[in-house]
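Participant: What follows is model_24.txt, made up of compact mmCIF, C-alpha atoms:
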# COMPACT_ATOMS: atom_id res chain seq x y z
CA MET A 1 -13.32 2.30 13.08
CA ARG A 2 -14.55 5.66 11.84
CA GLU A 3 -16.23 6.94 8.70
CA LEU A 4 -13.99 9.70 7.35
CA ARG A 5 -16.65 10.83 4.91
CA PRO A 6 -19.67 9.06 3.38
CA GLY A 7 -18.46 5.77 1.93
CA VAL A 8 -14.89 5.91 3.31
CA TRP A 9 -13.94 4.00 6.50
CA HIS A 10 -10.63 3.82 8.34
CA TRP A 11 -9.41 1.66 11.21
CA GLN A 12 -6.11 0.64 12.77
CA SER A 13 -4.97 -2.75 14.05
CA PRO A 14 -1.77 -4.15 15.59
CA HIS A 15 0.25 -5.99 12.96
CA PRO A 16 0.73 -9.63 14.09
CA ASP A 17 4.29 -9.84 12.70
CA TRP A 18 5.54 -6.65 14.38
CA VAL A 19 8.54 -7.18 16.66
CA GLU A 20 9.46 -4.62 19.32
CA ASN A 21 12.97 -3.17 19.02
CA GLU A 22 13.34 -4.70 15.55
CA ASP A 23 10.75 -3.09 13.28
CA TRP A 24 11.19 0.61 12.51
CA TRP A 25 7.49 1.14 11.80
CA PRO A 26 4.74 1.45 14.46
CA GLN A 27 2.80 -1.66 15.42
CA LEU A 28 -0.57 -0.13 14.51
CA VAL A 29 -1.25 -0.16 10.77
CA SER A 30 -4.11 1.39 8.82
CA SER A 31 -6.74 -0.22 6.61
CA TYR A 32 -9.59 1.28 4.61
CA ALA A 33 -12.94 0.27 3.15
CA ILE A 34 -14.25 2.43 0.32
CA GLU A 35 -17.39 2.44 -1.79
CA LEU A 36 -16.37 2.66 -5.46
CA GLY A 37 -19.42 2.48 -7.68
CA ASP A 38 -21.07 -0.90 -7.16
CA ASP A 39 -18.00 -2.28 -5.39
CA PHE A 40 -16.99 -2.14 -1.75
CA VAL A 41 -13.22 -2.43 -1.70
CA LEU A 42 -10.91 -3.23 1.22
CA PHE A 43 -7.46 -1.64 1.03
CA ASP A 44 -4.55 -3.37 2.80
CA PRO A 45 -7.05 -5.09 5.11
CA LEU A 46 -6.22 -6.30 8.61
CA ALA A 47 -8.80 -7.25 11.26
CA VAL A 48 -11.71 -6.05 9.13
CA PRO A 49 -14.79 -5.14 11.21
CA ASP A 50 -17.62 -7.60 10.58
CA GLU A 51 -20.04 -5.00 9.24
CA LEU A 52 -17.52 -4.00 6.56
CA ARG A 53 -16.38 -7.51 5.76
CA GLU A 54 -19.94 -8.56 4.99
CA ARG A 55 -20.20 -5.90 2.29
CA ALA A 56 -16.76 -6.33 0.73
CA THR A 57 -16.45 -7.38 -2.91
CA ALA A 58 -12.68 -7.10 -3.51
CA VAL A 59 -9.30 -6.46 -1.91
CA VAL A 60 -6.68 -4.00 -3.16
CA LEU A 61 -3.09 -4.06 -1.91
CA THR A 62 -0.77 -1.11 -2.29
CA ALA A 63 2.26 -3.43 -2.13
CA PRO A 64 2.69 -7.23 -2.27
CA TYR A 65 4.00 -7.32 1.30
CA HIS A 66 0.74 -5.77 2.57
CA GLU A 67 -1.09 -9.09 2.32
CA ARG A 68 -2.20 -8.90 5.96
CA ASP A 69 -5.60 -10.70 6.14
CA ALA A 70 -6.24 -10.75 2.39
CA ARG A 71 -5.88 -14.52 2.02
CA GLY A 72 -8.55 -15.35 4.56
CA LEU A 73 -11.19 -13.04 3.11
CA GLY A 74 -11.89 -15.20 0.06
CA LEU A 75 -12.23 -12.20 -2.26
CA PRO A 76 -10.61 -11.27 -5.58
CA ILE A 77 -7.28 -9.58 -4.86
CA HIS A 78 -5.77 -6.79 -6.95
CA THR A 79 -2.12 -6.22 -6.17
CA PRO A 80 1.26 -5.22 -7.55
CA PRO A 81 3.53 -8.19 -8.32
CA ALA A 82 6.03 -9.54 -5.80
CA ASP A 83 9.74 -8.80 -6.07
CA THR A 84 11.97 -11.03 -8.18
CA TRP A 85 15.48 -11.99 -7.11
CA GLN A 86 16.79 -9.41 -9.57
CA ASP A 87 14.69 -6.79 -7.76
CA TRP A 88 16.48 -7.67 -4.51
CA VAL A 89 19.82 -7.16 -6.22
CA ASP A 90 18.80 -3.84 -7.76
CA LYS A 91 16.96 -2.42 -4.75
CA PHE A 92 19.06 -3.60 -1.83
CA GLY A 93 22.46 -4.39 -3.31
CA VAL A 94 22.16 -8.08 -2.40
CA ASP A 95 24.82 -10.40 -3.83
CA ALA A 96 23.29 -11.84 -7.00
CA ASP A 97 25.00 -15.20 -6.53
CA ARG A 98 23.33 -15.58 -3.14
CA VAL A 99 19.76 -15.05 -4.34
CA ARG A 100 19.75 -15.99 -8.03
CA GLY A 101 16.66 -18.06 -8.85
CA MET A 102 14.97 -17.51 -5.49
CA GLU A 103 11.34 -16.43 -5.26
CA SER A 104 9.68 -14.03 -2.84
CA GLU A 105 7.33 -15.45 -0.25
CA ASP A 106 5.01 -12.48 -0.74
CA LEU A 107 1.71 -13.73 -2.18
CA ALA A 108 3.35 -17.02 -3.26
CA TRP A 109 0.06 -18.80 -2.54
CA LEU A 110 -1.82 -16.40 -4.81
CA ARG A 111 0.69 -16.77 -7.64
CA ALA A 112 0.31 -20.54 -7.27
CA GLY A 113 -3.44 -20.31 -7.89
CA GLY A 114 -4.61 -20.33 -4.28
CA GLY A 115 -7.10 -17.55 -4.93
CA GLU A 116 -8.33 -15.11 -7.54
CA GLY A 117 -5.40 -12.78 -8.08
CA HIS A 118 -5.00 -9.89 -10.50
CA PHE A 119 -1.53 -8.36 -10.76
CA HIS A 120 -1.08 -4.76 -11.90
CA GLY A 121 1.69 -2.19 -12.19
CA PRO A 122 1.56 1.59 -12.48
CA GLY A 123 -1.27 2.87 -14.69
CA PRO A 124 -5.02 2.18 -14.90
CA TRP A 125 -6.51 -0.34 -12.47
CA PRO A 126 -10.05 -1.63 -11.97
CA PHE A 127 -12.54 0.39 -9.88
CA GLY A 128 -11.52 3.63 -11.61
CA ILE A 129 -8.15 3.65 -9.83
CA HIS A 130 -4.93 4.99 -11.35
CA ALA A 131 -1.68 3.73 -9.81
CA TYR A 132 1.51 5.76 -9.50
CA ALA A 133 4.89 4.18 -8.75
CA GLY A 134 6.39 5.20 -5.44
CA ARG A 135 9.92 4.19 -4.45
CA GLU A 136 9.50 1.28 -6.89
CA ASP A 137 6.99 -0.08 -9.38
CA ASN A 138 5.32 -2.36 -6.86
CA ASP A 139 4.96 0.03 -3.92
CA LEU A 140 2.20 2.24 -5.19
CA VAL A 141 0.18 5.35 -4.56
CA LEU A 142 -3.37 4.80 -5.79
CA TRP A 143 -5.44 7.74 -7.05
CA LEU A 144 -9.18 7.31 -6.47
CA PRO A 145 -10.88 10.11 -8.42
CA ALA A 146 -14.32 9.04 -7.22
CA ILE A 147 -13.47 10.35 -3.74
CA ASN A 148 -10.55 12.70 -4.49
CA ALA A 149 -8.21 10.59 -2.39
CA ILE A 150 -4.96 8.68 -2.64
CA VAL A 151 -4.24 5.41 -0.84
CA CYS A 152 -0.51 5.00 -0.22
CA GLY A 153 1.81 2.08 0.27
CA ASP A 154 5.00 2.44 2.29
CA SER A 155 6.48 5.03 -0.09
CA LEU A 156 4.30 7.70 1.56
CA SER A 157 3.77 6.76 5.18
CA ASP A 158 3.77 8.15 8.68
CA PHE A 159 6.08 6.14 10.91
CA GLY A 160 5.56 8.45 13.86
CA GLU A 161 6.95 11.76 12.63
CA GLY A 162 4.28 12.81 10.17
CA LEU A 163 3.71 11.88 6.55
CA GLY A 164 6.95 11.41 4.68
CA ILE A 165 8.79 9.50 1.99
CA GLN A 166 10.07 6.16 3.28
CA LEU A 167 12.84 4.35 1.41
CA GLY A 168 12.97 1.25 3.61
CA GLY A 169 16.64 0.54 2.94
CA ARG A 170 16.41 0.82 -0.84
CA LYS A 171 19.75 1.54 -2.53
CA HIS A 172 18.48 2.33 -6.03
CA VAL A 173 16.52 5.49 -5.28
CA MET A 174 16.68 8.67 -3.20
CA GLU A 175 13.89 10.67 -1.54
CA GLU A 176 14.06 13.38 -4.20
CA ASP A 177 13.63 10.74 -6.93
CA VAL A 178 10.43 9.51 -5.27
CA ALA A 179 9.12 13.04 -4.72
CA ARG A 180 9.79 13.95 -8.36
CA GLY A 181 7.91 10.91 -9.59
CA LEU A 182 4.92 11.65 -7.38
CA ARG A 183 4.64 15.40 -8.00
CA PRO A 184 2.01 14.86 -10.74
CA LEU A 185 -0.31 14.06 -7.82
CA LEU A 186 -0.26 17.76 -6.98
CA ASP A 187 -2.01 18.44 -10.29
CA LEU A 188 -4.94 16.31 -9.12
CA PRO A 189 -7.73 17.47 -6.78
CA VAL A 190 -6.44 15.34 -3.90
CA GLU A 191 -8.30 16.03 -0.67
CA LEU A 192 -7.58 12.92 1.41
CA VAL A 193 -4.29 11.05 1.90
CA LEU A 194 -4.85 7.52 3.21
CA PRO A 195 -1.54 5.85 4.17
CA ALA A 196 -1.14 2.19 5.07
CA HIS A 197 0.97 3.34 8.02
CA GLY A 198 -0.24 6.29 10.06
CA GLU A 199 -3.37 8.37 10.33
CA PRO A 200 -5.21 9.84 7.35
CA ALA A 201 -3.84 13.20 6.24
CA ASP A 202 -4.85 16.01 3.90
CA ARG A 203 -3.60 17.86 0.85
CA THR A 204 -1.47 20.19 2.95
CA ALA A 205 0.57 17.23 4.20
CA LEU A 206 0.98 15.93 0.66
CA GLU A 207 2.15 19.31 -0.59
CA ARG A 208 4.67 19.54 2.24
CA VAL A 209 6.17 16.17 1.36
CA LEU A 210 6.32 16.60 -2.42
CA SER A 211 7.14 20.29 -2.81
Would you give me this structure, written as structure tokens?
Facilitator:
Amino acid sequence: MRELRPGVWHWQSPHPDWVENEDWWPQLVSSYAIELGDDFVLFDPLAVPDELRERATAVVLTAPYHERDARGLGLPIHTPPADTWQDWVDKFGVDADRVRGMESEDLAWLRAGGGEGHFHGPGPWPFGIHAYAGREDNDLVLWLPAINAIVCGDSLSDFGEGLGIQLGGRKHVMEEDVARGLRPLLDLPVELVLPAHGEPADRTALERVLS
């Protein structure tokens, strides 16, 4: 764990569901803890250090499949909604007859009332956050003006070759589409880029990806 700047902590942990020779993303994933006003928010938390966990007041997920340790923390969770079966058809070209009526397992317990869940899409969020859609409306890039930083889901990640746009097998979008949608970030005073996969980066890396 390290403090990137006052009030912003980063650490990496091995993802328990990672499978060697199957998953295309590195086993170590990133989490963050950030002071935002009176709140102490955990972003995509996994293996939260005790001294940070004791202070935490809420969890924010950049994507519904970044649940990680959120369930066990007993905190309010702010997250994009899980995919619907129609999303699977649109995003991955899955046969509609094979999945019609099915529900995602992502955050099913939270949708069933197993915790305090707040579901948000692109636009204003609590804690002064503004969410931008990445490769889809529920894989987000979160703008935190209080610290001039963005926290990124998988759409902007570093899977071992530097920060880049990751499509993850999506059929409905191309890299240029994602870059075009995220270019408004370059009009903001972004100083820190905090991806859920990979090490923290800076504005130069963001400009390289989106320009």
Participant: Might you pull out every residue within 12 Å of region 109-120 of chain A, with only C-alpha atoms counted and same-chain residues fewer than 3 positions away left off, and present them as a PyMOL selection string?
Facilitator: chain A and resi 58-64+67+70-82+103-106+123-126+129-133+137-140+142
Participant: I'd like the contact shell of region 157-162 of chain A - 8 Å cut-off, all atoms listed in the file, skipping same-chain residues fewer than 4 positions apart - returned as a list of chain:residue names.
Facilitator: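 Counting only the stated atoms, we get A:Trp24, A:Trp25, A:Pro26, A:Cys152, A:Gly153, A:Gln166, A:Pro195, A:Ala196, A:His197, A:Gly198, A:Glu199.
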Participant: Between CA of Asp95 (chain A) and CA of Gly181 (chain A), measure the distance and give it in Å to one decimal.
Facilitator: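 Answer for the CA of Asp95 (chain A) to CA of Gly181 (chain A) separation: 27.8 Å.
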Participant: Tell me, in Å to one decimal, how far CA of Arg53 (chain A) is from CA of Trp11 (chain A).
Facilitator: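 Computing it gives 12.7 Å between the two atoms.
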Participant: As an exercise, work out the distance from CA of Gly101 (chain A) to CA of Gln86 (chain A) in Å and give it to one decimal place.
Facilitator: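 Between CA of Gly101 (chain A) and CA of Gln86 (chain A) the gap works out to 8.7 Å.
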Participant: For Met174 (chain A), which residue among A:Pro189, A:Ile150, A:Ser155, A:Leu36 is the nearest when counting all atoms listed in the file?
Facilitator: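 Closest residue, counting all atoms listed in the file: A:Ser155.
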Participant: Give the answer as one residue: which of A:Asp202, A:Asp97, A:Glu35, A:Asp17 has the shortest atom-to-atom distance to Leu163 (chain A), using only C-alpha atoms?
Facilitator: A:Asp202
Participant: Could you check which of A:Leu206, A:Val8, A:Val19, A:Ile34 is closest to Leu188 (chain A), using all atoms listed in the file?
Facilitator: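 For Leu188 (chain A), the nearest of the given residues is A:Leu206.
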Participant: Which of these residues is nearest to Gly93 (chain A), using only C-alpha atoms: A:Val173, A:Val141, A:Val151, A:Leu28?
Facilitator: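 Answer, going by the shortest atom-to-atom distance: A:Val173.
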Participant: A:Ala96, A:Met102, A:Asp154, A:Gly121: which is nearest Asp44 (chain A), counting all atoms listed in the file?
Facilitator: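 Of all the options, A:Asp154 lies closest to Asp44 (chain A).
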Participant: Out of A:Asp69, A:Asp83, A:Glu176, A:Glu54, which residue has the shortest atom-to-atom distance to Ser13 (chain A) when counting all atoms listed in the file?
Facilitator: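 Of A:Asp69, A:Asp83, A:Glu176, A:Glu54, the one nearest Ser13 (chain A) is A:Asp69, counting all atoms listed in the file.
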Participant: Env of Arg100 (chain A): 12 Å cut, atoms = all atoms listed in the file, seq-sep filter 5 positions within chain, self excluded. Answer as a PDB file with C-alpha atoms, in the frame of the given file.
Facilitator:
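Output file part24.pdb is given in full below:
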ATOM      1  CA  THR A  84      11.970 -11.030  -8.180  1.00  0.00           C
ATOM      2  CA  TRP A  85      15.480 -11.990  -7.110  1.00  0.00           C
ATOM      3  CA  GLN A  86      16.790  -9.410  -9.570  1.00  0.00           C
ATOM      4  CA  ASP A  87      14.690  -6.790  -7.760  1.00  0.00           C
ATOM      5  CA  TRP A  88      16.480  -7.670  -4.510  1.00  0.00           C
ATOM      6  CA  VAL A  89      19.820  -7.160  -6.220  1.00  0.00           C
ATOM      7  CA  VAL A  94      22.160  -8.080  -2.400  1.00  0.00           C
ATOM      8  CA  ASP A  95      24.820 -10.400  -3.830  1.00  0.00           C
TER       9      ASP A  95
END
Participant: Leaving out Glu175 (chain A) and any residue of its chain fewer than 3 positions from it, which residues lie within 7 Å of it when counting only C-alpha atoms, given as a PyMOL selection string?
Facilitator: chain A and resi 165+178-179
Participant: Would you mind exporting the chosen residues as a tab-separated table (two decimals), in the frame of the given file, restricted to C-alpha atoms?
Facilitator:
chain	number	residue	atom	x	y	z
A	165	ILE	CA	8.79	9.50	1.99
A	178	VAL	CA	10.43	9.51	-5.27
A	179	ALA	CA	9.12	13.04	-4.72
Participant: Neighbourhood query: residues within 12 Å of (-1.7, 17.4, -9.2), file coordinates, counting all atoms listed in the file; return as a VMD selection string.
Facilitator: chain A and resid 143 145 148 to 150 181 to 191 203 206 to 207 210 to 211
Participant: Could you write out as lines of an AutoDock Vina configuration file the box around region 162-176 of chain A (axis-aligned, all atoms listed in the file, 6 Å on each side), with centre and edge lengths in Å to one decimal?
Facilitator:
center_x = 11.7
center_y = 7.0
center_z = 2.1
size_x = 28.0
size_y = 24.8
size_z = 28.2
Participant: Take region 85-116 of chain A from the preceding structure and save N, CA, C and O atoms as a PDB file, in the first residue's frame.
Facilitator:
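That gives us selection_19.pdb:
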ATOM      1  N   TRP A  85     -29.756  -9.937 -20.175  1.00  0.00           N
ATOM      2  CA  TRP A  85     -29.517 -10.909 -21.247  1.00  0.00           C
ATOM      3  C   TRP A  85     -29.456 -10.215 -22.606  1.00  0.00           C
ATOM      4  O   TRP A  85     -28.700 -10.629 -23.486  1.00  0.00           O
ATOM      5  N   GLN A  86     -30.214  -9.127 -22.760  1.00  0.00           N
ATOM      6  CA  GLN A  86     -30.167  -8.394 -24.016  1.00  0.00           C
ATOM      7  C   GLN A  86     -28.796  -7.750 -24.203  1.00  0.00           C
ATOM      8  O   GLN A  86     -28.287  -7.654 -25.322  1.00  0.00           O
ATOM      9  N   ASP A  87     -28.176  -7.315 -23.094  1.00  0.00           N
ATOM     10  CA  ASP A  87     -26.812  -6.775 -23.180  1.00  0.00           C
ATOM     11  C   ASP A  87     -25.857  -7.830 -23.734  1.00  0.00           C
ATOM     12  O   ASP A  87     -24.980  -7.519 -24.543  1.00  0.00           O
ATOM     13  N   TRP A  88     -25.986  -9.077 -23.271  1.00  0.00           N
ATOM     14  CA  TRP A  88     -25.098 -10.138 -23.762  1.00  0.00           C
ATOM     15  C   TRP A  88     -25.249 -10.323 -25.267  1.00  0.00           C
ATOM     16  O   TRP A  88     -24.276 -10.540 -25.979  1.00  0.00           O
ATOM     17  N   VAL A  89     -26.494 -10.234 -25.736  1.00  0.00           N
ATOM     18  CA  VAL A  89     -26.744 -10.367 -27.169  1.00  0.00           C
ATOM     19  C   VAL A  89     -26.095  -9.217 -27.930  1.00  0.00           C
ATOM     20  O   VAL A  89     -25.398  -9.416 -28.934  1.00  0.00           O
ATOM     21  N   ASP A  90     -26.309  -8.007 -27.433  1.00  0.00           N
ATOM     22  CA  ASP A  90     -25.809  -6.815 -28.131  1.00  0.00           C
ATOM     23  C   ASP A  90     -24.290  -6.709 -28.076  1.00  0.00           C
ATOM     24  O   ASP A  90     -23.643  -6.333 -29.064  1.00  0.00           O
ATOM     25  N   LYS A  91     -23.702  -7.033 -26.926  1.00  0.00           N
ATOM     26  CA  LYS A  91     -22.272  -6.816 -26.738  1.00  0.00           C
ATOM     27  C   LYS A  91     -21.408  -7.940 -27.303  1.00  0.00           C
ATOM     28  O   LYS A  91     -20.305  -7.694 -27.818  1.00  0.00           O
ATOM     29  N   PHE A  92     -21.895  -9.174 -27.175  1.00  0.00           N
ATOM     30  CA  PHE A  92     -21.051 -10.318 -27.506  1.00  0.00           C
ATOM     31  C   PHE A  92     -21.578 -11.160 -28.668  1.00  0.00           C
ATOM     32  O   PHE A  92     -20.954 -12.144 -29.044  1.00  0.00           O
ATOM     33  N   GLY A  93     -22.733 -10.785 -29.195  1.00  0.00           N
ATOM     34  CA  GLY A  93     -23.295 -11.551 -30.294  1.00  0.00           C
ATOM     35  C   GLY A  93     -23.809 -12.918 -29.884  1.00  0.00           C
ATOM     36  O   GLY A  93     -23.893 -13.841 -30.704  1.00  0.00           O
ATOM     37  N   VAL A  94     -24.186 -13.066 -28.604  1.00  0.00           N
ATOM     38  CA  VAL A  94     -24.703 -14.345 -28.113  1.00  0.00           C
ATOM     39  C   VAL A  94     -26.072 -14.612 -28.739  1.00  0.00           C
ATOM     40  O   VAL A  94     -26.854 -13.689 -28.978  1.00  0.00           O
ATOM     41  N   ASP A  95     -26.372 -15.867 -28.985  1.00  0.00           N
ATOM     42  CA  ASP A  95     -27.673 -16.265 -29.521  1.00  0.00           C
ATOM     43  C   ASP A  95     -28.769 -15.903 -28.517  1.00  0.00           C
ATOM     44  O   ASP A  95     -28.776 -16.388 -27.386  1.00  0.00           O
ATOM     45  N   ALA A  96     -29.700 -15.059 -28.934  1.00  0.00           N
ATOM     46  CA  ALA A  96     -30.751 -14.583 -28.026  1.00  0.00           C
ATOM     47  C   ALA A  96     -31.582 -15.734 -27.471  1.00  0.00           C
ATOM     48  O   ALA A  96     -31.996 -15.707 -26.302  1.00  0.00           O
ATOM     49  N   ASP A  97     -31.844 -16.738 -28.275  1.00  0.00           N
ATOM     50  CA  ASP A  97     -32.675 -17.855 -27.810  1.00  0.00           C
ATOM     51  C   ASP A  97     -31.987 -18.652 -26.713  1.00  0.00           C
ATOM     52  O   ASP A  97     -32.653 -19.326 -25.925  1.00  0.00           O
ATOM     53  N   ARG A  98     -30.667 -18.563 -26.652  1.00  0.00           N
ATOM     54  CA  ARG A  98     -29.925 -19.325 -25.640  1.00  0.00           C
ATOM     55  C   ARG A  98     -29.915 -18.627 -24.285  1.00  0.00           C
ATOM     56  O   ARG A  98     -29.784 -19.288 -23.246  1.00  0.00           O
ATOM     57  N   VAL A  99     -30.064 -17.309 -24.273  1.00  0.00           N
ATOM     58  CA  VAL A  99     -29.917 -16.572 -23.013  1.00  0.00           C
ATOM     59  C   VAL A  99     -31.171 -15.795 -22.617  1.00  0.00           C
ATOM     60  O   VAL A  99     -31.195 -15.198 -21.532  1.00  0.00           O
ATOM     61  N   ARG A 100     -32.180 -15.790 -23.440  1.00  0.00           N
ATOM     62  CA  ARG A 100     -33.368 -14.975 -23.154  1.00  0.00           C
ATOM     63  C   ARG A 100     -33.917 -15.290 -21.758  1.00  0.00           C
ATOM     64  O   ARG A 100     -34.129 -16.439 -21.394  1.00  0.00           O
ATOM     65  N   GLY A 101     -34.123 -14.220 -20.971  1.00  0.00           N
ATOM     66  CA  GLY A 101     -34.681 -14.365 -19.634  1.00  0.00           C
ATOM     67  C   GLY A 101     -33.670 -14.659 -18.541  1.00  0.00           C
ATOM     68  O   GLY A 101     -34.020 -14.622 -17.359  1.00  0.00           O
ATOM     69  N   MET A 102     -32.428 -14.929 -18.904  1.00  0.00           N
ATOM     70  CA  MET A 102     -31.413 -15.214 -17.893  1.00  0.00           C
ATOM     71  C   MET A 102     -30.968 -13.928 -17.201  1.00  0.00           C
ATOM     72  O   MET A 102     -31.120 -12.842 -17.747  1.00  0.00           O
ATOM     73  N   GLU A 103     -30.424 -14.064 -15.996  1.00  0.00           N
ATOM     74  CA  GLU A 103     -29.934 -12.918 -15.243  1.00  0.00           C
ATOM     75  C   GLU A 103     -28.448 -13.095 -14.936  1.00  0.00           C
ATOM     76  O   GLU A 103     -27.987 -14.211 -14.695  1.00  0.00           O
ATOM     77  N   SER A 104     -27.735 -11.996 -14.921  1.00  0.00           N
ATOM     78  CA  SER A 104     -26.319 -12.024 -14.576  1.00  0.00           C
ATOM     79  C   SER A 104     -26.132 -12.389 -13.104  1.00  0.00           C
ATOM     80  O   SER A 104     -26.945 -12.039 -12.243  1.00  0.00           O
ATOM     81  N   GLU A 105     -25.040 -13.075 -12.827  1.00  0.00           N
ATOM     82  CA  GLU A 105     -24.694 -13.372 -11.440  1.00  0.00           C
ATOM     83  C   GLU A 105     -24.023 -12.185 -10.761  1.00  0.00           C
ATOM     84  O   GLU A 105     -23.904 -12.168  -9.526  1.00  0.00           O
ATOM     85  N   ASP A 106     -23.582 -11.202 -11.535  1.00  0.00           N
ATOM     86  CA  ASP A 106     -22.905 -10.049 -10.948  1.00  0.00           C
ATOM     87  C   ASP A 106     -23.840  -9.296 -10.015  1.00  0.00           C
ATOM     88  O   ASP A 106     -24.906  -8.825 -10.417  1.00  0.00           O
ATOM     89  N   LEU A 107     -23.435  -9.196  -8.750  1.00  0.00           N
ATOM     90  CA  LEU A 107     -24.182  -8.441  -7.742  1.00  0.00           C
ATOM     91  C   LEU A 107     -25.622  -8.911  -7.584  1.00  0.00           C
ATOM     92  O   LEU A 107     -26.489  -8.150  -7.142  1.00  0.00           O
ATOM     93  N   ALA A 108     -25.904 -10.185  -7.903  1.00  0.00           N
ATOM     94  CA  ALA A 108     -27.268 -10.705  -7.749  1.00  0.00           C
ATOM     95  C   ALA A 108     -27.728 -10.587  -6.300  1.00  0.00           C
ATOM     96  O   ALA A 108     -28.895 -10.275  -6.026  1.00  0.00           O
ATOM     97  N   TRP A 109     -26.825 -10.826  -5.363  1.00  0.00           N
ATOM     98  CA  TRP A 109     -27.161 -10.725  -3.945  1.00  0.00           C
ATOM     99  C   TRP A 109     -27.544  -9.304  -3.565  1.00  0.00           C
ATOM    100  O   TRP A 109     -28.446  -9.097  -2.739  1.00  0.00           O
ATOM    101  N   LEU A 110     -26.892  -8.317  -4.168  1.00  0.00           N
ATOM    102  CA  LEU A 110     -27.189  -6.920  -3.847  1.00  0.00           C
ATOM    103  C   LEU A 110     -28.540  -6.517  -4.441  1.00  0.00           C
ATOM    104  O   LEU A 110     -29.340  -5.832  -3.797  1.00  0.00           O
ATOM    105  N   ARG A 111     -28.801  -6.962  -5.670  1.00  0.00           N
ATOM    106  CA  ARG A 111     -30.091  -6.673  -6.298  1.00  0.00           C
ATOM    107  C   ARG A 111     -31.236  -7.347  -5.559  1.00  0.00           C
ATOM    108  O   ARG A 111     -32.375  -6.879  -5.605  1.00  0.00           O
ATOM    109  N   ALA A 112     -30.930  -8.442  -4.857  1.00  0.00           N
ATOM    110  CA  ALA A 112     -31.957  -9.158  -4.091  1.00  0.00           C
ATOM    111  C   ALA A 112     -32.151  -8.585  -2.695  1.00  0.00           C
ATOM    112  O   ALA A 112     -32.926  -9.134  -1.905  1.00  0.00           O
ATOM    113  N   GLY A 113     -31.464  -7.500  -2.377  1.00  0.00           N
ATOM    114  CA  GLY A 113     -31.636  -6.859  -1.074  1.00  0.00           C
ATOM    115  C   GLY A 113     -30.671  -7.333  -0.016  1.00  0.00           C
ATOM    116  O   GLY A 113     -30.905  -7.110   1.181  1.00  0.00           O
ATOM    117  N   GLY A 114     -29.557  -7.961  -0.440  1.00  0.00           N
ATOM    118  CA  GLY A 114     -28.595  -8.470   0.529  1.00  0.00           C
ATOM    119  C   GLY A 114     -27.649  -7.434   1.085  1.00  0.00           C
ATOM    120  O   GLY A 114     -26.727  -7.763   1.832  1.00  0.00           O
ATOM    121  N   GLY A 115     -27.841  -6.183   0.738  1.00  0.00           N
ATOM    122  CA  GLY A 115     -27.008  -5.094   1.231  1.00  0.00           C
ATOM    123  C   GLY A 115     -27.583  -3.785   0.744  1.00  0.00           C
ATOM    124  O   GLY A 115     -28.597  -3.757   0.037  1.00  0.00           O
ATOM    125  N   GLU A 116     -26.951  -2.695   1.142  1.00  0.00           N
ATOM    126  CA  GLU A 116     -27.399  -1.377   0.693  1.00  0.00           C
ATOM    127  C   GLU A 116     -26.740  -1.060  -0.645  1.00  0.00           C
ATOM    128  O   GLU A 116     -25.549  -0.769  -0.702  1.00  0.00           O
TER     129      GLU A 116
END
